[in-house]
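Enquirer: For reference, the structure I am asking about is given below.
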Amino acid sequence: MATLELRNVHKTYGAGLPDTLKDIQLAIKDGEFLILVGPSGCGKSTLMNCIAGLESISGGAILIDDEDVSGMSPKDRDIAMVFQSYALYPTMNVRDNIAFGLKIRKMSQAAIDEEVARVAKLLQIEHLLGRKPGQLSGGQQQRVAMGRALARRPKIYLFDEPLSNLDAKLRVEMRTEIKLMHQRLKTTTVYVTHDQIEAMTLGDKVAVMKDGIIQQFGTPQQIYNDPANLFVASFIGSPPMNFIPVRLMKQDGRVLALLDSGQARCELPLGVAADELEGREIILGVRPEQISLGAAEGNGMPAIRTEVQVTEPTGPDLLVFVTLNQTKVCCRLAPDVACRVGDSLNLQFDPARVLLFDAGSGERLDLTASGTAIKDNVTRFKGR
Amino acid sequence: MTSPVDKPALNLSRIAIHAVLLLAVLLYLVPLVVMLLTSFKTPEDISTGNLLSWPAVFTGIGWAKAWATVNGYFLNSILITVPAVLISTAVGALNGYVLSMWRFRGSQLFFGLLLFGCFLPFQTVLLPASFTLGKLGLASTTSGLVLVHVVYGLAFTTLFFRNYYVSIPEALVKAARLDGAGFFTIFGRIILPMSTPIIMVCLIWQFTQIWNDFLFGVVFSSGDSQPITVALNNVVNTSTGAKEYNVDMAAAMIAGLPTLLVYVIAGKYFVRGLTAGAVKG
Amino acid sequence: MTTATARLRASPLDALQRWLPKLVLAPSMFIVLVGFYGYILWTFVLSFTTSTFLPTYKWAGLAQYARLFDNDRWWVASKNLLLFGGLFIGITLAIGVFLAVLLDQRIRREGFIRTIYLYPMALSMIVTGTAWKWLLNPGMGLDKLLRDWGWEGFRLDWLIDPDRVVYCLVIAAVWQASGFIMAMFLAGLRGVDQSIIRAAQLDGASLPRIYWTVVLPSLRPVFFSSLMILAHIAIKSFDLVAAMTAGGPGYSSDLPAMFMYSFTFSRGQMGMGSASAILMLGAILAIIVPYLYSELRGKRHD
């Protein structure tokens, strides 16, 4: 197991072409599970190929266990990878697929057999050892691909969207299995996905990427509660965060955001200094579950009466859509709330949990009390 | 309701279609049948009978005489074709492997040049090639012909393999590289075992092309090193003495049987080669 | 492990691996550059020299080309190529498409029939030429057969008729290549979306009409590649002529490929022969380049 650090890594495919990766900085500790998440084209697969050595970097350094491996060929970096398409060798049976890398490293036959047996037991594929990949189901191929990586006992595991080709049910099962395996084996892992649920559930650390830049690097909770900009806030979370454009008002030295539902108005006090907001267009970010039903008068939270436009009962929740400041807003309420389209609903907001973004640049304007979220697009992670 | 396309009924139009197709079958077979019949007749029988008349006496003298004349050249063809097929296939496989999985700057350009080479009329290279063979001391030898066939077969064999390998997912090579395999290991242990269909196509295609070739044979060989096609032409077109059509036909059969047999046994690979070569670029 | 210092561990073996693909391709690259393009250039140069039996590099300008244009045999060969090529391509395409359409009708024993149609492609043109030379033998071939069968006075002496001998070449070539065209079109037909045909049937069109107006037009790519291949075969035709007629009677059935061989290697006119080869190359380029250009343009429009 090993630590992984990327310093100022950047990559371009040629002079005149835009950089595919720009100034990537991150580091993870021994045994940590890092997720690279982002939309297609954000550079996460390229970054993974660079870590593996399958592609070269144009600048910066990649360090594994404090050793600069930037110039090393893939086979010397001691890395194993699980591919989206599994990439099993079609003319070999499962046993030979798993043993292939070990044979190349000239392990003794006895040691190889032992390794194959260990891995097969771990992944419950012992009964498949004699079959060829063409005779396996998607889920089984997935396990064999993982077995091939596990048998190598490498320093770092790379997963390139391994669950994308599985159906929804299998995906959930395998997700849990991967997490269990990580807990057991404490392997240093880098995992690429475009699915934000996988990012939240599997990772110790998450790096959200867009256009070759790391938008934010932190724990899943930090990313969720403290997004650094509009993109991160909108990407993580389902149903996604509501973004409401608001006008501001100054009153008694406080800054208030104005909400208008068409039926009523309300003012939200913001804990930000007035000069911060000078000349900016502001967007208010609030997650669906942070909007609650207004209680009887007197609990101090700003509330507003709205008209219900659409209701979506999902089973565990009731999603209610209303309009505020001419924007569609989604609220997540308890499933037993009685309301129908056209009803009037009293919704209340917690000003402490509401987020502020600059409409133009997308950057986050307010800081939480702990001050871990900062305004820059790239978060620098210091030390270990 | 089923459309006519789904359930063919036995009606007049279908009978007509079958009749036409059957007629075509006969037309395609007639030359072969005639060759066979003629080869088993005596010259007198040939002059008294006609193309499709059954031999008065089935005799093998035509074959015996033909074989006596051309057997050396038959051997030449084997000596030329077998090495040329094997070498051009092997080189084509390696080239296809590099062009599809280890691309580098200039490799695409090379492929384009190669592709263009599939079209060139060999007349444009005959003279310089014969000069070169002369300088190498290979003029009028079977080895010289092997060299020529390898050189000018490369374009097709590389095309076959490259088009086949392009459809193999890149992830497979990536996985092998991470497992520690190098260039030749990946080729030998992973790619080659997957290549059986295209190897068959290439071998059969090349065998047919090279065995059937006449142009290179007549230009680059003479006397003892000539392949069977050249020998056949000499037998048929020499105007000394009376024409012995039975010998001519037997010689033609001897020349044509190997590729015909290959076609009958492994025809589907031959067809794949034809259609693959046709979908160029 | 030491502290974070940049230690680039590129072993010599790694460097070899990086160069391996290029090394492997190098011999073929050499062969292509020299054996294909280098030799073409060489022939091109020769066509401007006064070479006869041996190559000499004395500049002759366009003299050889002028001699070609003055040469009656070359004109005959060129005209024959147009006649032969046109008939060969047209008839082969027609028969090939026709047979393919028939075979597309779910015929029993389709595989067997296809095998028969295609076997001529497996034969050398020399064998084909020899067989048809015998079949078309004036006096002992097909005409005698038909006379024996009752058609009195039937004569078929095209093979020795200078005005008709090219048709004999066409017959043999069509016999050889039509099965191949049939196979190409059959594969194309099999790839046609069945729902288009169903839609046309619902519109009330009869099957032949459907084929003519809907299906065949959609096979344009197959049509063009067939055209390319047949044109290529036609221009390169040498074996067939050598076996069937040797260019005769006289040189009335000569074709450019035969002309080139004859003048270069038998008559010791290397300069003229080279010029004729370059003209053949020009003919092929004239066909391929527009085709490739339109292909590439089509792709970009996608």
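Residue numbering restarts at 1 in every chain; chains get A, B, ... in the order shown in the structure tokens, and ligands count up from 1 in that same order.
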Where in stretch 102-327 of chain A does DSSP assign helix (DSSP H, G or I), given as a PDB file with N, CA and C atoms, in the first residue's frame?

Expert:
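Result file out.pdb:
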ATOM      1  N   LEU A 102       1.139 -12.376 -12.942  1.00  0.00           N
ATOM      2  CA  LEU A 102       2.058 -13.031 -12.021  1.00  0.00           C
ATOM      3  C   LEU A 102       3.097 -13.842 -12.783  1.00  0.00           C
ATOM      4  N   LYS A 103       2.643 -14.467 -13.875  1.00  0.00           N
ATOM      5  CA  LYS A 103       3.593 -15.251 -14.683  1.00  0.00           C
ATOM      6  C   LYS A 103       4.655 -14.341 -15.268  1.00  0.00           C
ATOM      7  N   ILE A 104       4.242 -13.170 -15.688  1.00  0.00           N
ATOM      8  CA  ILE A 104       5.201 -12.259 -16.298  1.00  0.00           C
ATOM      9  C   ILE A 104       6.230 -11.824 -15.278  1.00  0.00           C
ATOM     10  N   GLN A 109       5.249 -21.324  -9.791  1.00  0.00           N
ATOM     11  CA  GLN A 109       3.916 -21.854 -10.060  1.00  0.00           C
ATOM     12  C   GLN A 109       3.135 -22.058  -8.763  1.00  0.00           C
ATOM     13  N   ALA A 110       3.825 -22.506  -7.737  1.00  0.00           N
ATOM     14  CA  ALA A 110       3.145 -22.738  -6.459  1.00  0.00           C
ATOM     15  C   ALA A 110       2.603 -21.434  -5.891  1.00  0.00           C
ATOM     16  N   ALA A 111       3.422 -20.387  -5.961  1.00  0.00           N
ATOM     17  CA  ALA A 111       2.975 -19.101  -5.432  1.00  0.00           C
ATOM     18  C   ALA A 111       1.799 -18.574  -6.241  1.00  0.00           C
ATOM     19  N   ILE A 112       1.866 -18.770  -7.562  1.00  0.00           N
ATOM     20  CA  ILE A 112       0.779 -18.320  -8.416  1.00  0.00           C
ATOM     21  C   ILE A 112      -0.520 -19.042  -8.048  1.00  0.00           C
ATOM     22  N   ASP A 113      -0.448 -20.347  -7.908  1.00  0.00           N
ATOM     23  CA  ASP A 113      -1.658 -21.114  -7.575  1.00  0.00           C
ATOM     24  C   ASP A 113      -2.257 -20.633  -6.266  1.00  0.00           C
ATOM     25  N   GLU A 114      -1.360 -20.343  -5.320  1.00  0.00           N
ATOM     26  CA  GLU A 114      -1.830 -19.896  -4.009  1.00  0.00           C
ATOM     27  C   GLU A 114      -2.564 -18.571  -4.135  1.00  0.00           C
ATOM     28  N   GLU A 115      -1.987 -17.650  -4.898  1.00  0.00           N
ATOM     29  CA  GLU A 115      -2.570 -16.336  -5.096  1.00  0.00           C
ATOM     30  C   GLU A 115      -3.930 -16.454  -5.767  1.00  0.00           C
ATOM     31  N   VAL A 116      -3.989 -17.266  -6.815  1.00  0.00           N
ATOM     32  CA  VAL A 116      -5.246 -17.424  -7.549  1.00  0.00           C
ATOM     33  C   VAL A 116      -6.317 -17.972  -6.622  1.00  0.00           C
ATOM     34  N   ALA A 117      -5.939 -18.936  -5.797  1.00  0.00           N
ATOM     35  CA  ALA A 117      -6.916 -19.530  -4.880  1.00  0.00           C
ATOM     36  C   ALA A 117      -7.404 -18.493  -3.881  1.00  0.00           C
ATOM     37  N   ARG A 118      -6.477 -17.715  -3.368  1.00  0.00           N
ATOM     38  CA  ARG A 118      -6.839 -16.698  -2.370  1.00  0.00           C
ATOM     39  C   ARG A 118      -7.851 -15.712  -2.950  1.00  0.00           C
ATOM     40  N   VAL A 119      -7.505 -15.230  -4.144  1.00  0.00           N
ATOM     41  CA  VAL A 119      -8.340 -14.217  -4.776  1.00  0.00           C
ATOM     42  C   VAL A 119      -9.703 -14.789  -5.160  1.00  0.00           C
ATOM     43  N   ALA A 120      -9.686 -16.026  -5.672  1.00  0.00           N
ATOM     44  CA  ALA A 120     -10.940 -16.648  -6.084  1.00  0.00           C
ATOM     45  C   ALA A 120     -11.878 -16.807  -4.890  1.00  0.00           C
ATOM     46  N   LYS A 121     -11.294 -17.150  -3.768  1.00  0.00           N
ATOM     47  CA  LYS A 121     -12.109 -17.327  -2.560  1.00  0.00           C
ATOM     48  C   LYS A 121     -12.685 -15.983  -2.127  1.00  0.00           C
ATOM     49  N   LEU A 122     -11.845 -14.972  -2.158  1.00  0.00           N
ATOM     50  CA  LEU A 122     -12.254 -13.642  -1.746  1.00  0.00           C
ATOM     51  C   LEU A 122     -13.450 -13.138  -2.560  1.00  0.00           C
ATOM     52  N   LEU A 123     -13.410 -13.387  -3.834  1.00  0.00           N
ATOM     53  CA  LEU A 123     -14.436 -12.849  -4.723  1.00  0.00           C
ATOM     54  C   LEU A 123     -15.503 -13.866  -5.073  1.00  0.00           C
ATOM     55  N   GLU A 126     -14.531 -19.135  -7.380  1.00  0.00           N
ATOM     56  CA  GLU A 126     -13.797 -20.403  -7.507  1.00  0.00           C
ATOM     57  C   GLU A 126     -14.413 -21.308  -8.564  1.00  0.00           C
ATOM     58  N   HIS A 127     -15.754 -21.274  -8.668  1.00  0.00           N
ATOM     59  CA  HIS A 127     -16.392 -22.195  -9.608  1.00  0.00           C
ATOM     60  C   HIS A 127     -16.246 -21.723 -11.050  1.00  0.00           C
ATOM     61  N   LEU A 128     -15.661 -20.554 -11.250  1.00  0.00           N
ATOM     62  CA  LEU A 128     -15.565 -20.008 -12.608  1.00  0.00           C
ATOM     63  C   LEU A 128     -14.169 -20.146 -13.200  1.00  0.00           C
ATOM     64  N   PRO A 133     -13.834 -15.905 -20.547  1.00  0.00           N
ATOM     65  CA  PRO A 133     -14.625 -14.687 -20.319  1.00  0.00           C
ATOM     66  C   PRO A 133     -15.925 -14.658 -21.120  1.00  0.00           C
ATOM     67  N   GLY A 134     -15.921 -15.201 -22.317  1.00  0.00           N
ATOM     68  CA  GLY A 134     -17.122 -15.191 -23.135  1.00  0.00           C
ATOM     69  C   GLY A 134     -18.266 -15.948 -22.507  1.00  0.00           C
ATOM     70  N   GLN A 135     -17.941 -16.839 -21.547  1.00  0.00           N
ATOM     71  CA  GLN A 135     -18.983 -17.650 -20.926  1.00  0.00           C
ATOM     72  C   GLN A 135     -19.468 -17.055 -19.604  1.00  0.00           C
ATOM     73  N   GLY A 138     -21.942 -10.302 -16.998  1.00  0.00           N
ATOM     74  CA  GLY A 138     -21.258  -9.031 -16.751  1.00  0.00           C
ATOM     75  C   GLY A 138     -20.716  -8.943 -15.339  1.00  0.00           C
ATOM     76  N   GLY A 139     -21.548  -9.296 -14.389  1.00  0.00           N
ATOM     77  CA  GLY A 139     -21.130  -9.228 -12.996  1.00  0.00           C
ATOM     78  C   GLY A 139     -19.961 -10.158 -12.704  1.00  0.00           C
ATOM     79  N   GLN A 140     -20.004 -11.350 -13.293  1.00  0.00           N
ATOM     80  CA  GLN A 140     -18.918 -12.304 -13.085  1.00  0.00           C
ATOM     81  C   GLN A 140     -17.618 -11.789 -13.706  1.00  0.00           C
ATOM     82  N   GLN A 141     -17.722 -11.208 -14.899  1.00  0.00           N
ATOM     83  CA  GLN A 141     -16.529 -10.656 -15.541  1.00  0.00           C
ATOM     84  C   GLN A 141     -15.936  -9.554 -14.682  1.00  0.00           C
ATOM     85  N   GLN A 142     -16.835  -8.765 -14.081  1.00  0.00           N
ATOM     86  CA  GLN A 142     -16.412  -7.693 -13.196  1.00  0.00           C
ATOM     87  C   GLN A 142     -15.559  -8.250 -12.063  1.00  0.00           C
ATOM     88  N   ARG A 143     -16.027  -9.328 -11.471  1.00  0.00           N
ATOM     89  CA  ARG A 143     -15.277  -9.911 -10.357  1.00  0.00           C
ATOM     90  C   ARG A 143     -13.932 -10.448 -10.803  1.00  0.00           C
ATOM     91  N   VAL A 144     -13.921 -11.079 -11.970  1.00  0.00           N
ATOM     92  CA  VAL A 144     -12.651 -11.618 -12.458  1.00  0.00           C
ATOM     93  C   VAL A 144     -11.668 -10.478 -12.699  1.00  0.00           C
ATOM     94  N   ALA A 145     -12.184  -9.362 -13.251  1.00  0.00           N
ATOM     95  CA  ALA A 145     -11.311  -8.216 -13.484  1.00  0.00           C
ATOM     96  C   ALA A 145     -10.735  -7.718 -12.168  1.00  0.00           C
ATOM     97  N   MET A 146     -11.568  -7.698 -11.124  1.00  0.00           N
ATOM     98  CA  MET A 146     -11.079  -7.280  -9.825  1.00  0.00           C
ATOM     99  C   MET A 146     -10.080  -8.287  -9.275  1.00  0.00           C
ATOM    100  N   GLY A 147     -10.382  -9.575  -9.516  1.00  0.00           N
ATOM    101  CA  GLY A 147      -9.472 -10.602  -9.044  1.00  0.00           C
ATOM    102  C   GLY A 147      -8.097 -10.459  -9.673  1.00  0.00           C
ATOM    103  N   ARG A 148      -8.088 -10.130 -10.965  1.00  0.00           N
ATOM    104  CA  ARG A 148      -6.815  -9.965 -11.658  1.00  0.00           C
ATOM    105  C   ARG A 148      -6.001  -8.858 -11.008  1.00  0.00           C
ATOM    106  N   ALA A 149      -6.707  -7.780 -10.616  1.00  0.00           N
ATOM    107  CA  ALA A 149      -5.996  -6.675  -9.973  1.00  0.00           C
ATOM    108  C   ALA A 149      -5.539  -7.064  -8.569  1.00  0.00           C
ATOM    109  N   LEU A 150      -6.399  -7.755  -7.841  1.00  0.00           N
ATOM    110  CA  LEU A 150      -6.070  -8.103  -6.465  1.00  0.00           C
ATOM    111  C   LEU A 150      -4.885  -9.053  -6.386  1.00  0.00           C
ATOM    112  N   ALA A 151      -4.810  -9.977  -7.346  1.00  0.00           N
ATOM    113  CA  ALA A 151      -3.753 -10.987  -7.282  1.00  0.00           C
ATOM    114  C   ALA A 151      -2.378 -10.348  -7.356  1.00  0.00           C
ATOM    115  N   ALA A 168     -28.734  -1.533 -13.105  1.00  0.00           N
ATOM    116  CA  ALA A 168     -28.859  -0.734 -11.883  1.00  0.00           C
ATOM    117  C   ALA A 168     -28.760  -1.567 -10.607  1.00  0.00           C
ATOM    118  N   LYS A 169     -29.449  -2.693 -10.594  1.00  0.00           N
ATOM    119  CA  LYS A 169     -29.481  -3.503  -9.371  1.00  0.00           C
ATOM    120  C   LYS A 169     -28.097  -4.049  -9.052  1.00  0.00           C
ATOM    121  N   LEU A 170     -27.445  -4.581 -10.090  1.00  0.00           N
ATOM    122  CA  LEU A 170     -26.115  -5.146  -9.909  1.00  0.00           C
ATOM    123  C   LEU A 170     -25.134  -4.075  -9.482  1.00  0.00           C
ATOM    124  N   ARG A 171     -25.361  -2.872 -10.023  1.00  0.00           N
ATOM    125  CA  ARG A 171     -24.453  -1.783  -9.707  1.00  0.00           C
ATOM    126  C   ARG A 171     -24.461  -1.510  -8.216  1.00  0.00           C
ATOM    127  N   VAL A 172     -25.670  -1.468  -7.636  1.00  0.00           N
ATOM    128  CA  VAL A 172     -25.768  -1.198  -6.198  1.00  0.00           C
ATOM    129  C   VAL A 172     -25.095  -2.295  -5.396  1.00  0.00           C
ATOM    130  N   GLU A 173     -25.318  -3.555  -5.813  1.00  0.00           N
ATOM    131  CA  GLU A 173     -24.690  -4.680  -5.092  1.00  0.00           C
ATOM    132  C   GLU A 173     -23.186  -4.585  -5.132  1.00  0.00           C
ATOM    133  N   MET A 174     -22.638  -4.341  -6.351  1.00  0.00           N
ATOM    134  CA  MET A 174     -21.185  -4.334  -6.501  1.00  0.00           C
ATOM    135  C   MET A 174     -20.574  -3.154  -5.766  1.00  0.00           C
ATOM    136  N   ARG A 175     -21.311  -2.068  -5.717  1.00  0.00           N
ATOM    137  CA  ARG A 175     -20.814  -0.891  -5.004  1.00  0.00           C
ATOM    138  C   ARG A 175     -20.532  -1.244  -3.555  1.00  0.00           C
ATOM    139  N   THR A 176     -21.500  -1.921  -2.965  1.00  0.00           N
ATOM    140  CA  THR A 176     -21.328  -2.310  -1.563  1.00  0.00           C
ATOM    141  C   THR A 176     -20.178  -3.290  -1.403  1.00  0.00           C
ATOM    142  N   GLU A 177     -20.067  -4.198  -2.354  1.00  0.00           N
ATOM    143  CA  GLU A 177     -18.972  -5.165  -2.277  1.00  0.00           C
ATOM    144  C   GLU A 177     -17.617  -4.488  -2.357  1.00  0.00           C
ATOM    145  N   ILE A 178     -17.510  -3.507  -3.251  1.00  0.00           N
ATOM    146  CA  ILE A 178     -16.240  -2.802  -3.381  1.00  0.00           C
ATOM    147  C   ILE A 178     -15.910  -2.107  -2.076  1.00  0.00           C
ATOM    148  N   LYS A 179     -16.929  -1.508  -1.460  1.00  0.00           N
ATOM    149  CA  LYS A 179     -16.685  -0.812  -0.207  1.00  0.00           C
ATOM    150  C   LYS A 179     -16.238  -1.793   0.880  1.00  0.00           C
ATOM    151  N   LEU A 180     -16.897  -2.943   0.936  1.00  0.00           N
ATOM    152  CA  LEU A 180     -16.526  -3.957   1.927  1.00  0.00           C
ATOM    153  C   LEU A 180     -15.092  -4.408   1.727  1.00  0.00           C
ATOM    154  N   MET A 181     -14.755  -4.615   0.447  1.00  0.00           N
ATOM    155  CA  MET A 181     -13.420  -5.094   0.148  1.00  0.00           C
ATOM    156  C   MET A 181     -12.379  -4.066   0.550  1.00  0.00           C
ATOM    157  N   HIS A 182     -12.697  -2.827   0.314  1.00  0.00           N
ATOM    158  CA  HIS A 182     -11.756  -1.785   0.682  1.00  0.00           C
ATOM    159  C   HIS A 182     -11.567  -1.741   2.191  1.00  0.00           C
ATOM    160  N   GLN A 183     -12.659  -1.926   2.932  1.00  0.00           N
ATOM    161  CA  GLN A 183     -12.546  -1.910   4.390  1.00  0.00           C
ATOM    162  C   GLN A 183     -11.685  -3.051   4.879  1.00  0.00           C
ATOM    163  N   ARG A 184     -11.839  -4.196   4.226  1.00  0.00           N
ATOM    164  CA  ARG A 184     -11.066  -5.363   4.640  1.00  0.00           C
ATOM    165  C   ARG A 184      -9.597  -5.221   4.307  1.00  0.00           C
ATOM    166  N   LEU A 185      -9.329  -4.826   3.037  1.00  0.00           N
ATOM    167  CA  LEU A 185      -7.950  -4.901   2.559  1.00  0.00           C
ATOM    168  C   LEU A 185      -7.189  -3.593   2.725  1.00  0.00           C
ATOM    169  N   GLN A 196     -22.500  10.513  -9.180  1.00  0.00           N
ATOM    170  CA  GLN A 196     -22.178  11.207  -7.931  1.00  0.00           C
ATOM    171  C   GLN A 196     -22.590  10.393  -6.699  1.00  0.00           C
ATOM    172  N   ILE A 197     -23.494   9.468  -6.860  1.00  0.00           N
ATOM    173  CA  ILE A 197     -23.852   8.620  -5.720  1.00  0.00           C
ATOM    174  C   ILE A 197     -22.692   7.709  -5.353  1.00  0.00           C
ATOM    175  N   GLU A 198     -22.033   7.137  -6.394  1.00  0.00           N
ATOM    176  CA  GLU A 198     -20.851   6.322  -6.105  1.00  0.00           C
ATOM    177  C   GLU A 198     -19.795   7.172  -5.419  1.00  0.00           C
ATOM    178  N   ALA A 199     -19.668   8.417  -5.896  1.00  0.00           N
ATOM    179  CA  ALA A 199     -18.652   9.298  -5.319  1.00  0.00           C
ATOM    180  C   ALA A 199     -18.918   9.501  -3.833  1.00  0.00           C
ATOM    181  N   MET A 200     -20.155   9.750  -3.503  1.00  0.00           N
ATOM    182  CA  MET A 200     -20.476  10.037  -2.107  1.00  0.00           C
ATOM    183  C   MET A 200     -20.338   8.807  -1.235  1.00  0.00           C
ATOM    184  N   THR A 201     -20.774   7.654  -1.742  1.00  0.00           N
ATOM    185  CA  THR A 201     -20.831   6.487  -0.863  1.00  0.00           C
ATOM    186  C   THR A 201     -19.501   5.768  -0.720  1.00  0.00           C
ATOM    187  N   LEU A 202     -18.648   5.834  -1.758  1.00  0.00           N
ATOM    188  CA  LEU A 202     -17.440   5.019  -1.723  1.00  0.00           C
ATOM    189  C   LEU A 202     -16.209   5.760  -1.219  1.00  0.00           C
ATOM    190  N   PRO A 220     -16.408  13.605   1.215  1.00  0.00           N
ATOM    191  CA  PRO A 220     -17.748  13.700   0.631  1.00  0.00           C
ATOM    192  C   PRO A 220     -18.623  14.708   1.365  1.00  0.00           C
ATOM    193  N   GLN A 221     -18.500  14.716   2.672  1.00  0.00           N
ATOM    194  CA  GLN A 221     -19.338  15.643   3.436  1.00  0.00           C
ATOM    195  C   GLN A 221     -18.993  17.090   3.146  1.00  0.00           C
ATOM    196  N   GLN A 222     -17.691  17.348   3.027  1.00  0.00           N
ATOM    197  CA  GLN A 222     -17.276  18.715   2.721  1.00  0.00           C
ATOM    198  C   GLN A 222     -17.813  19.147   1.364  1.00  0.00           C
ATOM    199  N   ILE A 223     -17.689  18.239   0.395  1.00  0.00           N
ATOM    200  CA  ILE A 223     -18.158  18.559  -0.950  1.00  0.00           C
ATOM    201  C   ILE A 223     -19.664  18.822  -0.929  1.00  0.00           C
ATOM    202  N   TYR A 224     -20.339  18.029  -0.126  1.00  0.00           N
ATOM    203  CA  TYR A 224     -21.797  18.146  -0.111  1.00  0.00           C
ATOM    204  C   TYR A 224     -22.254  19.398   0.625  1.00  0.00           C
ATOM    205  N   ASN A 225     -21.698  19.614   1.798  1.00  0.00           N
ATOM    206  CA  ASN A 225     -22.162  20.737   2.614  1.00  0.00           C
ATOM    207  C   ASN A 225     -21.502  22.038   2.280  1.00  0.00           C
ATOM    208  N   LEU A 230     -20.534  26.917  -7.898  1.00  0.00           N
ATOM    209  CA  LEU A 230     -21.822  26.511  -8.451  1.00  0.00           C
ATOM    210  C   LEU A 230     -21.766  25.116  -9.069  1.00  0.00           C
ATOM    211  N   PHE A 231     -20.675  24.850  -9.805  1.00  0.00           N
ATOM    212  CA  PHE A 231     -20.611  23.576 -10.501  1.00  0.00           C
ATOM    213  C   PHE A 231     -20.632  22.414  -9.516  1.00  0.00           C
ATOM    214  N   VAL A 232     -19.762  22.496  -8.494  1.00  0.00           N
ATOM    215  CA  VAL A 232     -19.703  21.409  -7.509  1.00  0.00           C
ATOM    216  C   VAL A 232     -21.042  21.270  -6.813  1.00  0.00           C
ATOM    217  N   ALA A 233     -21.647  22.423  -6.460  1.00  0.00           N
ATOM    218  CA  ALA A 233     -22.930  22.381  -5.755  1.00  0.00           C
ATOM    219  C   ALA A 233     -23.996  21.721  -6.614  1.00  0.00           C
ATOM    220  N   SER A 234     -23.955  21.974  -7.924  1.00  0.00           N
ATOM    221  CA  SER A 234     -25.009  21.430  -8.778  1.00  0.00           C
ATOM    222  C   SER A 234     -24.737  19.976  -9.136  1.00  0.00           C
ATOM    223  N   PHE A 235     -23.462  19.601  -9.126  1.00  0.00           N
ATOM    224  CA  PHE A 235     -23.125  18.254  -9.583  1.00  0.00           C
ATOM    225  C   PHE A 235     -23.439  17.197  -8.534  1.00  0.00           C
ATOM    226  N   ALA A 274     -21.698  43.547   3.762  1.00  0.00           N
ATOM    227  CA  ALA A 274     -22.341  44.172   2.609  1.00  0.00           C
ATOM    228  C   ALA A 274     -21.360  44.419   1.468  1.00  0.00           C
ATOM    229  N   ASP A 275     -20.164  44.879   1.759  1.00  0.00           N
ATOM    230  CA  ASP A 275     -19.241  45.237   0.678  1.00  0.00           C
ATOM    231  C   ASP A 275     -18.803  44.020  -0.135  1.00  0.00           C
ATOM    232  N   GLU A 276     -18.898  42.818   0.467  1.00  0.00           N
ATOM    233  CA  GLU A 276     -18.578  41.591  -0.293  1.00  0.00           C
ATOM    234  C   GLU A 276     -19.457  41.490  -1.528  1.00  0.00           C
ATOM    235  N   LEU A 277     -20.706  41.966  -1.331  1.00  0.00           N
ATOM    236  CA  LEU A 277     -21.683  41.679  -2.364  1.00  0.00           C
ATOM    237  C   LEU A 277     -21.851  42.835  -3.341  1.00  0.00           C
ATOM    238  N   PRO A 288     -32.913  20.661  -1.483  1.00  0.00           N
ATOM    239  CA  PRO A 288     -34.330  20.357  -1.285  1.00  0.00           C
ATOM    240  C   PRO A 288     -34.668  19.940   0.153  1.00  0.00           C
ATOM    241  N   GLU A 289     -33.741  19.199   0.794  1.00  0.00           N
ATOM    242  CA  GLU A 289     -34.071  18.723   2.144  1.00  0.00           C
ATOM    243  C   GLU A 289     -33.888  19.805   3.200  1.00  0.00           C
ATOM    244  N   GLN A 290     -33.325  20.956   2.793  1.00  0.00           N
ATOM    245  CA  GLN A 290     -33.121  22.027   3.760  1.00  0.00           C
ATOM    246  C   GLN A 290     -34.318  22.968   3.821  1.00  0.00           C
TER     247      GLN A 290
END

Enquirer: Write out as a list of chain:residue names which residues come within 7 Å of stretch 236-246 of chain A when counting only C-alpha atoms, dropping same-chain ones fewer than 6 positions away.

Expert: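 The filter keeps A:Gln196, A:Tyr224, A:Ala257, A:Leu258, A:Leu259, A:Ile282, A:Ile283, A:Leu284, A:Gly285, A:Val286, A:Arg287, A:Pro288, A:Asn325, A:Thr327, A:Val329, A:Cys330.
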
Enquirer: Compile the contact shell of A:Thr20 as a list of chain:residue names: residues with an atom at most 8 Å away, counting only C-alpha atoms, same-chain residues fewer than 2 positions apart removed.

Expert: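 So, after excluding close chain neighbours, the residues are A:His10, A:Lys11, A:Thr12, A:Tyr13, A:Pro18, A:Lys22, A:Gly43, A:Thr46, A:Asp211, A:Gly212.
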
Enquirer: Could you please tell me, as a ChimeraX atom specification, which residues of chain B have an atom within 7 Å of chain A when using only C-alpha atoms?

Expert: /B:171-172,175,177-181,190,193-194

Enquirer: Can you measure atom CA of B:Trp102 to atom CA of A:Ser70 for me? One decimal in Å is fine.

Expert: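 Atom-to-atom, atom CA of B:Trp102 and atom CA of A:Ser70 are spaced 20.4 Å apart.
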
Enquirer: Give the answer as one residue: which of C:Ile233, C:Ala246, C:Ala131, C:Leu83 has the shortest atom-to-atom distance to C:Ile160, using only C-alpha atoms?

Expert: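 Closest residue, counting only C-alpha atoms: C:Ala246.
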